[in-house]
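Trainee: I am sharing protein_24.cif, which consists of mmCIF, C-alpha atoms:
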data_target
#
loop_
_atom_site.group_PDB
_atom_site.id
_atom_site.type_symbol
_atom_site.label_atom_id
_atom_site.label_comp_id
_atom_site.auth_asym_id
_atom_site.auth_seq_id
_atom_site.Cartn_x
_atom_site.Cartn_y
_atom_site.Cartn_z
ATOM 1 C CA MET J 1 144.298 52.024 73.803
ATOM 2 C CA ASN J 2 146.841 54.403 75.357
ATOM 3 C CA SER J 3 147.098 54.874 79.117
ATOM 4 C CA SER J 4 145.851 58.477 79.191
ATOM 5 C CA ARG J 5 142.646 57.499 77.416
ATOM 6 C CA ILE J 6 142.141 54.589 79.812
ATOM 7 C CA ILE J 7 142.569 56.932 82.770
ATOM 8 C CA GLY J 8 140.102 59.395 81.245
ATOM 9 C CA LEU J 9 137.483 56.724 80.637
ATOM 10 C CA THR J 10 137.944 55.344 84.135
ATOM 11 C CA ALA J 11 137.456 58.803 85.659
ATOM 12 C CA ALA J 12 134.310 59.351 83.606
ATOM 13 C CA VAL J 13 132.866 56.010 84.689
ATOM 14 C CA MET J 14 133.670 56.712 88.340
ATOM 15 C CA THR J 15 132.101 60.189 88.128
ATOM 16 C CA THR J 16 128.943 58.774 86.568
ATOM 17 C CA ALA J 17 128.774 56.010 89.175
ATOM 18 C CA CYS J 18 129.217 58.476 92.040
ATOM 19 C CA GLY J 19 126.575 60.747 90.548
ATOM 20 C CA ALA J 20 124.148 57.868 90.186
ATOM 21 C CA ALA J 21 124.766 56.797 93.774
ATOM 22 C CA ALA J 22 124.192 60.331 95.042
ATOM 23 C CA ALA J 23 120.988 60.560 93.032
ATOM 24 C CA GLN J 24 119.791 57.226 94.402
ATOM 25 C CA ASP J 25 120.125 58.508 97.978
ATOM 26 C CA TYR J 26 118.756 61.984 97.168
ATOM 27 C CA PRO J 27 117.541 63.848 99.114
ATOM 28 C CA THR J 28 119.476 63.356 102.350
ATOM 29 C CA LYS J 29 119.018 66.890 103.716
ATOM 30 C CA GLN J 30 116.632 69.815 103.467
ATOM 31 C CA ILE J 31 116.097 71.578 100.144
ATOM 32 C CA SER J 32 115.938 75.342 99.633
ATOM 33 C CA MET J 33 113.170 76.649 97.379
ATOM 34 C CA MET J 34 114.099 80.186 96.385
ATOM 35 C CA MET J 35 111.183 82.625 96.129
ATOM 36 C CA PRO J 36 112.870 85.787 94.794
ATOM 37 C CA PHE J 37 110.247 88.160 96.194
ATOM 38 C CA ALA J 38 109.397 89.434 99.658
ATOM 39 C CA ALA J 39 107.661 87.294 102.255
ATOM 40 C CA GLY J 40 103.938 87.935 102.557
ATOM 41 C CA GLY J 41 103.326 88.440 98.838
ATOM 42 C CA PRO J 42 101.405 86.239 96.373
ATOM 43 C CA GLY J 43 104.422 84.261 95.199
ATOM 44 C CA ASP J 44 105.435 83.559 98.779
ATOM 45 C CA ALA J 45 101.989 82.160 99.570
ATOM 46 C CA ILE J 46 102.104 79.855 96.537
ATOM 47 C CA ALA J 47 105.674 78.744 97.244
ATOM 48 C CA ARG J 48 104.871 77.765 100.836
ATOM 49 C CA ILE J 49 101.940 75.588 99.777
ATOM 50 C CA VAL J 50 103.996 73.859 97.064
ATOM 51 C CA ALA J 51 107.043 73.494 99.329
ATOM 52 C CA GLN J 52 104.937 71.718 101.933
ATOM 53 C CA GLY J 53 103.587 69.325 99.322
ATOM 54 C CA MET J 54 107.051 68.605 97.908
ATOM 55 C CA SER J 55 108.365 68.020 101.428
ATOM 56 C CA GLU J 56 105.847 65.221 101.805
ATOM 57 C CA ALA J 57 106.563 63.803 98.351
ATOM 58 C CA LEU J 58 110.349 63.827 98.829
ATOM 59 C CA LYS J 59 110.206 62.859 102.522
ATOM 60 C CA GLN J 60 112.610 65.700 103.261
ATOM 61 C CA GLN J 61 111.927 69.303 104.231
ATOM 62 C CA VAL J 62 111.666 71.843 101.424
ATOM 63 C CA PHE J 63 111.882 75.314 102.950
ATOM 64 C CA VAL J 64 111.145 78.643 101.287
ATOM 65 C CA GLU J 65 113.928 81.214 101.133
ATOM 66 C CA ASN J 66 112.927 84.803 100.302
ATOM 67 C CA VAL J 67 115.523 86.992 98.590
ATOM 68 C CA GLY J 68 113.731 89.938 96.982
ATOM 69 C CA GLY J 69 114.897 92.828 94.858
ATOM 70 C CA ALA J 70 115.462 93.805 91.214
ATOM 71 C CA GLY J 71 112.312 92.145 89.906
ATOM 72 C CA GLY J 72 113.324 88.765 91.273
ATOM 73 C CA THR J 73 116.690 88.705 89.504
ATOM 74 C CA ILE J 74 118.798 88.701 92.696
ATOM 75 C CA GLY J 75 117.304 85.521 94.119
ATOM 76 C CA THR J 76 117.136 83.919 90.682
ATOM 77 C CA ALA J 77 120.838 84.618 90.102
ATOM 78 C CA ARG J 78 121.674 82.870 93.380
ATOM 79 C CA VAL J 79 120.022 79.673 92.196
ATOM 80 C CA ALA J 80 121.704 79.931 88.782
ATOM 81 C CA ALA J 81 125.071 80.026 90.580
ATOM 82 C CA ALA J 82 124.200 77.357 93.162
ATOM 83 C CA ASN J 83 125.733 73.900 93.312
ATOM 84 C CA PRO J 84 123.635 71.766 90.900
ATOM 85 C CA ASP J 85 123.029 69.012 93.421
ATOM 86 C CA GLY J 86 119.258 69.259 93.826
ATOM 87 C CA TYR J 87 119.348 71.133 97.122
ATOM 88 C CA SER J 88 118.708 74.584 95.640
ATOM 89 C CA ILE J 89 115.651 75.063 93.436
ATOM 90 C CA LEU J 90 113.753 78.116 92.216
ATOM 91 C CA MET J 91 110.114 79.029 92.041
ATOM 92 C CA MET J 92 109.745 82.027 89.748
ATOM 93 C CA HIS J 93 106.773 83.598 88.014
ATOM 94 C CA ILE J 94 106.383 85.084 84.533
ATOM 95 C CA GLY J 95 109.410 87.247 85.331
ATOM 96 C CA GLN J 96 111.652 84.371 84.250
ATOM 97 C CA ALA J 97 110.541 85.312 80.724
ATOM 98 C CA THR J 98 109.975 89.067 80.991
ATOM 99 C CA ASN J 99 113.191 89.864 82.869
ATOM 100 C CA VAL J 100 115.165 88.860 79.788
ATOM 101 C CA ALA J 101 114.029 92.129 78.170
ATOM 102 C CA LEU J 102 113.562 94.171 81.348
ATOM 103 C CA TYR J 103 117.051 93.470 82.713
ATOM 104 C CA PRO J 104 119.467 93.186 79.762
ATOM 105 C CA ASN J 105 122.461 92.988 82.129
ATOM 106 C CA ILE J 106 121.294 90.171 84.404
ATOM 107 C CA LYS J 107 124.037 87.718 85.345
ATOM 108 C CA TYR J 108 122.313 84.577 84.154
ATOM 109 C CA ASP J 109 120.609 83.153 81.093
ATOM 110 C CA ALA J 110 116.956 82.326 81.768
ATOM 111 C CA ILE J 111 117.134 79.236 79.566
ATOM 112 C CA LYS J 112 120.759 78.079 79.499
ATOM 113 C CA ASP J 113 121.416 78.364 83.252
ATOM 114 C CA PHE J 114 118.380 76.397 84.457
ATOM 115 C CA GLU J 115 116.812 72.968 84.187
ATOM 116 C CA PRO J 116 112.991 73.070 83.977
ATOM 117 C CA ILE J 117 111.086 71.085 86.611
ATOM 118 C CA GLY J 118 107.529 72.054 85.715
ATOM 119 C CA LEU J 119 104.768 74.631 85.636
ATOM 120 C CA VAL J 120 102.882 75.220 88.889
ATOM 121 C CA GLY J 121 99.882 77.160 87.628
ATOM 122 C CA GLU J 122 98.466 80.504 86.614
ATOM 123 C CA VAL J 123 97.037 83.327 88.694
ATOM 124 C CA PRO J 124 94.546 85.909 87.383
ATOM 125 C CA MET J 125 94.927 89.514 88.497
ATOM 126 C CA VAL J 126 92.447 92.119 89.696
ATOM 127 C CA ILE J 127 92.576 95.886 89.224
ATOM 128 C CA VAL J 128 91.729 97.396 92.603
ATOM 129 C CA SER J 129 91.770 100.784 94.336
ATOM 130 C CA LYS J 130 91.705 102.203 97.811
ATOM 131 C CA LYS J 131 88.249 102.282 99.331
ATOM 132 C CA ALA J 132 87.969 106.091 99.175
ATOM 133 C CA PHE J 133 88.967 106.407 95.510
ATOM 134 C CA ALA J 134 86.693 108.721 93.512
ATOM 135 C CA ALA J 135 85.495 106.072 91.047
ATOM 136 C CA ASP J 136 83.437 102.898 91.341
ATOM 137 C CA THR J 137 84.025 101.281 87.942
ATOM 138 C CA LEU J 138 86.913 100.613 85.586
ATOM 139 C CA LYS J 139 85.502 103.241 83.215
ATOM 140 C CA GLY J 140 85.484 105.726 86.078
ATOM 141 C CA LEU J 141 89.111 104.891 86.869
ATOM 142 C CA VAL J 142 90.131 105.285 83.231
ATOM 143 C CA ASP J 143 88.245 108.585 82.926
ATOM 144 C CA LYS J 144 89.958 109.893 86.065
ATOM 145 C CA ILE J 145 93.388 108.921 84.733
ATOM 146 C CA ARG J 146 92.809 110.507 81.349
ATOM 147 C CA ALA J 147 91.423 113.688 82.878
ATOM 148 C CA ASP J 148 93.928 114.155 85.699
ATOM 149 C CA LYS J 149 96.714 111.579 85.517
ATOM 150 C CA ASP J 150 99.096 113.664 87.650
ATOM 151 C CA SER J 151 96.845 113.289 90.679
ATOM 152 C CA VAL J 152 96.615 109.475 90.557
ATOM 153 C CA THR J 153 99.193 107.023 91.951
ATOM 154 C CA TYR J 154 99.781 103.398 90.956
ATOM 155 C CA ALA J 155 101.528 100.995 93.327
ATOM 156 C CA HIS J 156 103.632 98.047 92.173
ATOM 157 C CA ALA J 157 106.301 95.721 93.540
ATOM 158 C CA GLY J 158 109.162 97.018 91.379
ATOM 159 C CA ILE J 159 110.411 96.635 87.821
ATOM 160 C CA GLY J 160 109.635 93.143 86.559
ATOM 161 C CA SER J 161 107.067 92.296 89.221
ATOM 162 C CA ALA J 162 103.645 90.960 88.252
ATOM 163 C CA SER J 163 102.010 94.201 89.343
ATOM 164 C CA HIS J 164 104.473 96.201 87.237
ATOM 165 C CA LEU J 165 103.792 94.071 84.146
ATOM 166 C CA CYS J 166 100.054 94.494 84.590
ATOM 167 C CA GLY J 167 100.592 98.237 84.842
ATOM 168 C CA LEU J 168 102.553 98.241 81.578
ATOM 169 C CA LEU J 169 99.677 96.591 79.724
ATOM 170 C CA PHE J 170 97.036 98.691 81.464
ATOM 171 C CA PHE J 171 98.656 102.047 80.714
ATOM 172 C CA SER J 172 99.285 100.975 77.129
ATOM 173 C CA ALA J 173 95.600 100.094 76.747
ATOM 174 C CA VAL J 174 94.448 103.325 78.408
ATOM 175 C CA GLY J 175 96.863 105.552 76.510
ATOM 176 C CA ALA J 176 97.951 107.441 79.625
ATOM 177 C CA GLU J 177 100.317 106.815 82.507
ATOM 178 C CA VAL J 178 100.130 107.969 86.131
ATOM 179 C CA ARG J 179 102.814 108.385 88.786
ATOM 180 C CA GLN J 180 104.078 104.960 89.803
ATOM 181 C CA VAL J 181 105.116 104.102 93.360
ATOM 182 C CA PRO J 182 107.415 101.049 93.592
ATOM 183 C CA TYR J 183 107.605 98.833 96.689
ATOM 184 C CA ARG J 184 109.776 95.884 97.678
ATOM 185 C CA GLY J 185 106.779 93.585 97.465
ATOM 186 C CA THR J 186 103.047 93.609 96.899
ATOM 187 C CA GLY J 187 102.481 92.933 100.591
ATOM 188 C CA PRO J 188 103.768 96.418 101.504
ATOM 189 C CA ALA J 189 102.007 97.884 98.459
ATOM 190 C CA MET J 190 98.684 96.422 99.571
ATOM 191 C CA ASN J 191 99.226 97.733 103.104
ATOM 192 C CA ASP J 192 99.606 101.268 101.750
ATOM 193 C CA LEU J 193 96.572 100.810 99.494
ATOM 194 C CA LEU J 194 94.541 99.750 102.529
ATOM 195 C CA GLY J 195 95.868 102.789 104.358
ATOM 196 C CA GLY J 196 94.971 105.125 101.502
ATOM 197 C CA GLN J 197 98.556 106.219 100.759
ATOM 198 C CA VAL J 198 98.277 105.119 97.099
ATOM 199 C CA ASP J 199 95.288 105.046 94.760
ATOM 200 C CA PHE J 200 95.276 101.750 92.879
ATOM 201 C CA LEU J 201 97.169 98.677 91.794
ATOM 202 C CA CYS J 202 96.764 95.551 89.695
ATOM 203 C CA ASP J 203 97.781 92.434 91.549
ATOM 204 C CA GLN J 204 97.259 88.705 91.756
ATOM 205 C CA THR J 205 94.131 87.196 93.258
ATOM 206 C CA VAL J 206 96.195 85.840 96.151
ATOM 207 C CA ASN J 207 96.667 89.422 97.351
ATOM 208 C CA THR J 208 93.518 91.147 96.093
ATOM 209 C CA VAL J 209 90.541 88.810 96.461
ATOM 210 C CA PRO J 210 90.533 88.504 100.288
ATOM 211 C CA ASN J 211 90.587 92.277 100.723
ATOM 212 C CA ALA J 212 88.010 92.822 97.980
ATOM 213 C CA VAL J 213 85.637 90.255 99.488
ATOM 214 C CA ALA J 214 86.072 91.867 102.899
ATOM 215 C CA GLY J 215 85.195 95.262 101.419
ATOM 216 C CA ASN J 216 88.527 96.799 102.333
ATOM 217 C CA ILE J 217 89.237 97.864 98.741
ATOM 218 C CA LYS J 218 87.320 98.383 95.496
ATOM 219 C CA ALA J 219 87.623 95.776 92.735
ATOM 220 C CA PHE J 220 87.183 97.202 89.238
ATOM 221 C CA ALA J 221 88.052 94.363 86.868
ATOM 222 C CA VAL J 222 89.633 90.927 86.450
ATOM 223 C CA THR J 223 92.522 90.709 83.972
ATOM 224 C CA THR J 224 91.520 87.372 82.420
ATOM 225 C CA LEU J 225 88.764 86.823 79.857
ATOM 226 C CA THR J 226 86.740 84.803 82.368
ATOM 227 C CA ARG J 227 85.213 86.134 85.594
ATOM 228 C CA LEU J 228 86.340 84.746 88.917
ATOM 229 C CA THR J 229 84.028 82.521 90.937
ATOM 230 C CA THR J 230 85.365 84.282 94.039
ATOM 231 C CA LEU J 231 84.356 87.713 92.642
ATOM 232 C CA PRO J 232 81.390 86.898 90.393
ATOM 233 C CA ALA J 233 80.079 90.468 90.289
ATOM 234 C CA VAL J 234 83.400 91.927 89.114
ATOM 235 C CA PRO J 235 83.604 92.178 85.296
ATOM 236 C CA THR J 236 86.602 91.252 83.214
ATOM 237 C CA ALA J 237 88.662 94.141 81.870
ATOM 238 C CA ASP J 238 87.504 93.113 78.410
ATOM 239 C CA GLU J 239 83.852 93.375 79.471
ATOM 240 C CA ALA J 240 84.525 96.703 81.170
ATOM 241 C CA GLY J 241 85.890 98.338 78.031
ATOM 242 C CA LEU J 242 89.535 97.300 77.627
ATOM 243 C CA LYS J 243 88.925 94.956 74.708
ATOM 244 C CA GLY J 244 91.293 92.036 74.453
ATOM 245 C CA PHE J 245 92.968 92.731 77.793
ATOM 246 C CA ASP J 246 94.131 89.320 79.059
ATOM 247 C CA LEU J 247 96.900 88.603 81.552
ATOM 248 C CA SER J 248 97.652 85.758 83.940
ATOM 249 C CA ILE J 249 100.770 85.340 86.039
ATOM 250 C CA TRP J 250 102.265 81.868 85.719
ATOM 251 C CA TYR J 251 104.620 80.170 88.162
ATOM 252 C CA ALA J 252 107.127 77.380 87.614
ATOM 253 C CA ASN J 253 109.935 75.454 89.317
ATOM 254 C CA TYR J 254 113.526 75.203 88.095
ATOM 255 C CA ALA J 255 116.860 73.703 89.160
ATOM 256 C CA PRO J 256 120.375 74.964 88.330
ATOM 257 C CA LYS J 257 121.836 73.847 85.009
ATOM 258 C CA GLY J 258 123.855 70.677 85.350
ATOM 259 C CA THR J 259 121.677 69.062 87.991
ATOM 260 C CA PRO J 260 121.974 65.297 87.356
ATOM 261 C CA LYS J 261 119.039 63.841 85.432
ATOM 262 C CA PRO J 262 118.178 61.237 88.094
ATOM 263 C CA ILE J 263 117.806 64.067 90.619
ATOM 264 C CA LEU J 264 115.804 66.158 88.153
ATOM 265 C CA ASP J 265 113.537 63.184 87.576
ATOM 266 C CA LYS J 266 112.936 62.873 91.328
ATOM 267 C CA LEU J 267 112.177 66.596 91.587
ATOM 268 C CA ALA J 268 109.826 66.481 88.596
ATOM 269 C CA THR J 269 108.020 63.439 90.015
ATOM 270 C CA ALA J 270 107.634 65.169 93.398
ATOM 271 C CA HIS J 271 106.459 68.353 91.653
ATOM 272 C CA GLN J 272 103.782 66.482 89.718
ATOM 273 C CA ALA J 273 102.686 64.484 92.760
ATOM 274 C CA THR J 274 102.361 67.719 94.727
ATOM 275 C CA LEU J 275 100.124 69.340 92.126
ATOM 276 C CA ALA J 276 98.023 66.170 91.916
ATOM 277 C CA SER J 277 97.418 66.203 95.672
ATOM 278 C CA ALA J 278 93.831 67.105 96.517
ATOM 279 C CA THR J 279 94.997 68.990 99.608
ATOM 280 C CA VAL J 280 97.488 71.101 97.657
ATOM 281 C CA LYS J 281 95.025 71.752 94.833
ATOM 282 C CA ASP J 282 92.367 72.880 97.295
ATOM 283 C CA LYS J 283 94.799 75.257 98.987
ATOM 284 C CA LEU J 284 96.039 76.714 95.709
ATOM 285 C CA ASN J 285 92.540 76.990 94.243
ATOM 286 C CA GLY J 286 91.499 78.728 97.457
ATOM 287 C CA ILE J 287 93.905 81.593 96.771
ATOM 288 C CA GLY J 288 92.995 81.845 93.099
ATOM 289 C CA VAL J 289 95.632 79.647 91.467
ATOM 290 C CA VAL J 290 94.608 77.644 88.401
ATOM 291 C CA VAL J 291 96.777 74.580 89.008
ATOM 292 C CA ALA J 292 98.666 73.047 86.077
ATOM 293 C CA GLY J 293 97.271 69.654 85.148
ATOM 294 C CA PRO J 294 99.493 66.570 84.696
ATOM 295 C CA GLU J 295 99.846 67.211 80.979
ATOM 296 C CA ARG J 296 101.297 70.699 81.615
ATOM 297 C CA ALA J 297 103.330 70.152 84.789
ATOM 298 C CA THR J 298 106.285 68.550 82.977
ATOM 299 C CA PRO J 299 109.834 69.751 82.253
ATOM 300 C CA ALA J 300 109.301 69.554 78.475
ATOM 301 C CA VAL J 301 106.174 71.701 78.545
ATOM 302 C CA LEU J 302 107.847 74.302 80.755
ATOM 303 C CA ALA J 303 110.906 74.477 78.489
ATOM 304 C CA ALA J 304 108.737 75.186 75.430
ATOM 305 C CA TYR J 305 106.441 77.576 77.315
ATOM 306 C CA LEU J 306 109.314 79.654 78.708
ATOM 307 C CA LYS J 307 110.817 80.082 75.251
ATOM 308 C CA ALA J 308 107.449 81.152 73.810
ATOM 309 C CA GLU J 309 106.854 83.648 76.634
ATOM 310 C CA ILE J 310 110.281 85.232 76.144
ATOM 311 C CA GLU J 311 109.472 85.709 72.471
ATOM 312 C CA LYS J 312 106.011 87.101 73.302
ATOM 313 C CA TRP J 313 107.011 89.638 75.948
ATOM 314 C CA GLY J 314 110.262 90.938 74.469
ATOM 315 C CA PRO J 315 108.644 93.185 71.839
ATOM 316 C CA VAL J 316 106.014 94.455 74.338
ATOM 317 C CA ILE J 317 108.626 95.512 76.888
ATOM 318 C CA ARG J 318 111.016 97.021 74.354
ATOM 319 C CA LYS J 319 108.156 99.045 72.866
ATOM 320 C CA ALA J 320 107.313 100.395 76.332
ATOM 321 C CA GLY J 321 110.945 101.452 76.736
ATOM 322 C CA VAL J 322 111.160 100.174 80.318
ATOM 323 C CA THR J 323 114.299 98.591 81.739
ATOM 324 C CA GLY J 324 115.520 97.669 85.196
ATOM 325 C CA GLN J 325 118.833 98.621 86.737
#
Show this structure as structure tokens.
Mentor:
Amino acid sequence: MNSSRIIGLTAAVMTTACGAAAAQDYPTKQISMMMPFAAGGPGDAIARIVAQGMSEALKQQVFVENVGGAGGTIGTARVAAANPDGYSILMMHIGQATNVALYPNIKYDAIKDFEPIGLVGEVPMVIVSKKAFAADTLKGLVDKIRADKDSVTYAHAGIGSASHLCGLLFFSAVGAEVRQVPYRGTGPAMNDLLGGQVDFLCDQTVNTVPNAVAGNIKAFAVTTLTRLTTLPAVPTADEAGLKGFDLSIWYANYAPKGTPKPILDKLATAHQATLASATVKDKLNGIGVVVAGPERATPAVLAAYLKAEIEKWGPVIRKAGVTGQ
């Protein structure tokens, strides 16, 4: 064996040994969980509950970092470019799949630049309006839009957000589109809905159910095929006339590509332990999250699911002709 090959093999062994040692000690400092949307929104609420649970599982603080903008692509790109050492992870929603078509010029590959950790869960959405809106049912809302779409405003959290995606499906089903008002997050959008500055939005239960239960807004329909136990009197969109309308927003955790497998294994184990925690499940269920069970909260399931969702949403988004900047 020549000397250069011996040197190469020695370097490889040393690198592997150092990586294994680092993984054995991991984590030795706090971990950043990127939530690429504004603080105060649905994703932020979910991320903070999961981060707390993972902090306990890993015996090291996991803190939530909010970097919003461009449908979540700015914060997501930061994690894609981060050092793959286990100290920067990402919690992203369905946008990890839909942004592939919405943002053709994003600076990362949703599959190739990330290591899957696991699904977190799914969140139904609710179509709601300001309290003074001149309709009390989904049919009334649809009739108003079809009769006078120029006078109605729809709020969403920007291209690629959950509320934007729901709007795409809703307007496609209705066959008419109103003036859309984008915000930097659904927190600000909900504030303006409560204040009567915009007419309606479709957003996750985390953001809509508390205000609907309190009577601060009107709830017209749930976007899943099953009614919510928290809003039992509110019909599904399918029941209310939009046949086949079905949309949930799913969340998942990722690490940068190249993160050592021993570290990924520790993150996946902590992720699964967090979702199995009765305290975490109660908190997530309390804000409308259907928590992923142990059979779905794995890296392998997330990898397959992400690929399938990219293939599902691509044609829908391209048909709508909507793209981000």
Trainee: With distances taken over all atoms listed in the file, which of J:Pro256, J:Gly121, J:Gly175, J:Gly185 is nearest to J:Asn66?
Mentor: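 Using all atoms listed in the file, J:Asn66 sits closest to J:Gly185.
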Trainee: For the structure shown, which residues end up in the PyMOL selection byres ((chain J and resi 280) around 12)? Put them as a JSON list (two decimals) with C-alpha atoms, keeping the file's coordinate frame, please?
Mentor:
[["chain", "number", "residue", "atom", "x", "y", "z"],
["J", 46, "ILE", "CA", 102.10, 79.86, 96.54],
["J", 47, "ALA", "CA", 105.67, 78.74, 97.24],
["J", 48, "ARG", "CA", 104.87, 77.76, 100.84],
["J", 49, "ILE", "CA", 101.94, 75.59, 99.78],
["J", 50, "VAL", "CA", 104.00, 73.86, 97.06],
["J", 51, "ALA", "CA", 107.04, 73.49, 99.33],
["J", 52, "GLN", "CA", 104.94, 71.72, 101.93],
["J", 53, "GLY", "CA", 103.59, 69.32, 99.32],
["J", 54, "MET", "CA", 107.05, 68.60, 97.91],
["J", 55, "SER", "CA", 108.36, 68.02, 101.43],
["J", 56, "GLU", "CA", 105.85, 65.22, 101.80],
["J", 57, "ALA", "CA", 106.56, 63.80, 98.35],
["J", 120, "VAL", "CA", 102.88, 75.22, 88.89],
["J", 121, "GLY", "CA", 99.88, 77.16, 87.63],
["J", 271, "HIS", "CA", 106.46, 68.35, 91.65],
["J", 272, "GLN", "CA", 103.78, 66.48, 89.72],
["J", 273, "ALA", "CA", 102.69, 64.48, 92.76],
["J", 274, "THR", "CA", 102.36, 67.72, 94.73],
["J", 275, "LEU", "CA", 100.12, 69.34, 92.13],
["J", 276, "ALA", "CA", 98.02, 66.17, 91.92],
["J", 277, "SER", "CA", 97.42, 66.20, 95.67],
["J", 278, "ALA", "CA", 93.83, 67.10, 96.52],
["J", 279, "THR", "CA", 95.00, 68.99, 99.61],
["J", 281, "LYS", "CA", 95.02, 71.75, 94.83],
["J", 282, "ASP", "CA", 92.37, 72.88, 97.30],
["J", 283, "LYS", "CA", 94.80, 75.26, 98.99],
["J", 284, "LEU", "CA", 96.04, 76.71, 95.71],
["J", 285, "ASN", "CA", 92.54, 76.99, 94.24],
["J", 286, "GLY", "CA", 91.50, 78.73, 97.46],
["J", 287, "ILE", "CA", 93.90, 81.59, 96.77],
["J", 289, "VAL", "CA", 95.63, 79.65, 91.47],
["J", 290, "VAL", "CA", 94.61, 77.64, 88.40],
["J", 291, "VAL", "CA", 96.78, 74.58, 89.01],
["J", 292, "ALA", "CA", 98.67, 73.05, 86.08]]
Trainee: From the set J:Ala233, J:Ile317, J:Ala297, J:Ala101, which residue has the shortest atom-to-atom contact distance to J:Phe220, counting all atoms listed in the file?
Mentor: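 Ranked by minimum distance to J:Phe220, first place goes to J:Ala233.
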Trainee: Please build the interface table for stretch 250-289 of chain J against stretch 82-93 of chain J with a cut-off of 8 Å, listing for each qualifying residue the nearest atom pair and the distance in Å to one decimal; count only C-alpha atoms, order rows by chain and increasing number, and write it as CSV.
Mentor:
residue,atom,partner,partner_atom,distance
J:Trp250,CA,J:His93,CA,5.3
J:Tyr251,CA,J:His93,CA,4.1
J:Ala252,CA,J:Met91,CA,5.6
J:Asn253,CA,J:Met91,CA,4.5
J:Tyr254,CA,J:Leu90,CA,5.1
J:Ala255,CA,J:Ile89,CA,4.6
J:Pro256,CA,J:Pro84,CA,5.2
J:Lys257,CA,J:Pro84,CA,6.5
J:Gly258,CA,J:Pro84,CA,5.7
J:Thr259,CA,J:Pro84,CA,4.4
J:Pro260,CA,J:Asp85,CA,7.2
J:Ile263,CA,J:Gly86,CA,6.3
J:Leu264,CA,J:Gly86,CA,7.3
J:Leu267,CA,J:Gly86,CA,7.9
Trainee: Need to verify the contact set: J:Val174, 9 Å, only C-alpha atoms, exclusion of same-chain residues closer than 2 positions in sequence. Can you return it as JSON, numbers by chain?
Mentor: {"J": [142, 145, 146, 169, 170, 171, 172, 176, 177, 242]}
Trainee: At a cut-off of 12 Å, using only C-alpha atoms, what residues contact J:Gly288? Leave out same-chain residues fewer than 3 positions from it and give the result as JSON, numbers by chain.
Mentor: {"J": [42, 43, 45, 46, 121, 122, 123, 124, 125, 126, 203, 204, 205, 206, 207, 208, 209, 210, 222, 227, 228, 229, 230, 231, 248, 249, 250, 281, 282, 283, 284, 285, 291]}
Trainee: Go ahead and compute the interatomic distance for atom CA of J:Lys130 and atom CA of J:Gly195, in Å to one decimal.
Mentor: 7.8 Å
Trainee: Evaluate the PyMOL selection byres ((chain J and resi 165) around 10) on the structure here and hand back the selected residues as a list in words.
Mentor: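 Applying the expression gives Ile94, Gly95, Thr98, His156, Ala157, Gly158, Ile159, Gly160, Ser161, Ala162, Ser163, His164, Cys166, Gly167, Leu168, Leu169, Phe170, Cys202, Asp203, Leu247, Ile249, Trp313 and Ile317 of chain J.
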Trainee: So that I have them on file, write out the residues from the current selection with C-alpha atoms, as a PDB file, in the frame of the given file.
Mentor:
ATOM      1  CA  ILE J  94     106.383  85.084  84.533  1.00  0.00           C
ATOM      2  CA  GLY J  95     109.410  87.247  85.331  1.00  0.00           C
ATOM      3  CA  THR J  98     109.975  89.067  80.991  1.00  0.00           C
ATOM      4  CA  HIS J 156     103.632  98.047  92.173  1.00  0.00           C
ATOM      5  CA  ALA J 157     106.301  95.721  93.540  1.00  0.00           C
ATOM      6  CA  GLY J 158     109.162  97.018  91.379  1.00  0.00           C
ATOM      7  CA  ILE J 159     110.411  96.635  87.821  1.00  0.00           C
ATOM      8  CA  GLY J 160     109.635  93.143  86.559  1.00  0.00           C
ATOM      9  CA  SER J 161     107.067  92.296  89.221  1.00  0.00           C
ATOM     10  CA  ALA J 162     103.645  90.960  88.252  1.00  0.00           C
ATOM     11  CA  SER J 163     102.010  94.201  89.343  1.00  0.00           C
ATOM     12  CA  HIS J 164     104.473  96.201  87.237  1.00  0.00           C
ATOM     13  CA  CYS J 166     100.054  94.494  84.590  1.00  0.00           C
ATOM     14  CA  GLY J 167     100.592  98.237  84.842  1.00  0.00           C
ATOM     15  CA  LEU J 168     102.553  98.241  81.578  1.00  0.00           C
ATOM     16  CA  LEU J 169      99.677  96.591  79.724  1.00  0.00           C
ATOM     17  CA  PHE J 170      97.036  98.691  81.464  1.00  0.00           C
ATOM     18  CA  CYS J 202      96.764  95.551  89.695  1.00  0.00           C
ATOM     19  CA  ASP J 203      97.781  92.434  91.549  1.00  0.00           C
ATOM     20  CA  LEU J 247      96.900  88.603  81.552  1.00  0.00           C
ATOM     21  CA  ILE J 249     100.770  85.340  86.039  1.00  0.00           C
ATOM     22  CA  TRP J 313     107.011  89.638  75.948  1.00  0.00           C
ATOM     23  CA  ILE J 317     108.626  95.512  76.888  1.00  0.00           C
TER      24      ILE J 317
END
Trainee: Is there a way to get, as a list in words, all residues within 6 Å of the point (100.2, 102.3, 94.6) in file coordinates, counting all atoms listed in the file?
Mentor: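 Within the cut-off we find Thr153, Tyr154, Ala155, His156, Val181, Val198, Asp199, Phe200 and Leu201 of chain J.
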Trainee: To one decimal place, how far is atom CA of J:Ala189 from atom CA of J:Lys139 in Å?
Mentor: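 Calculated distance between atom CA of J:Ala189 and atom CA of J:Lys139 is 23.1 Å.
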Trainee: Which one is closest to J:Asn216: J:Ala270, J:Met190, J:Ile106, J:Val322? Count only C-alpha atoms.
Mentor: J:Met190
Trainee: Give me the result of the PyMOL selection byres ((chain J and resi 240) around 9) on this file, residue by residue, as a list in words.
Mentor: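 Against this file, the PyMOL selection byres ((chain J and resi 240) around 9) returns the residues Thr137, Leu138, Lys139, Phe220, Ala221, Pro235, Thr236, Ala237, Asp238, Glu239, Gly241, Leu242 and Lys243 of chain J.
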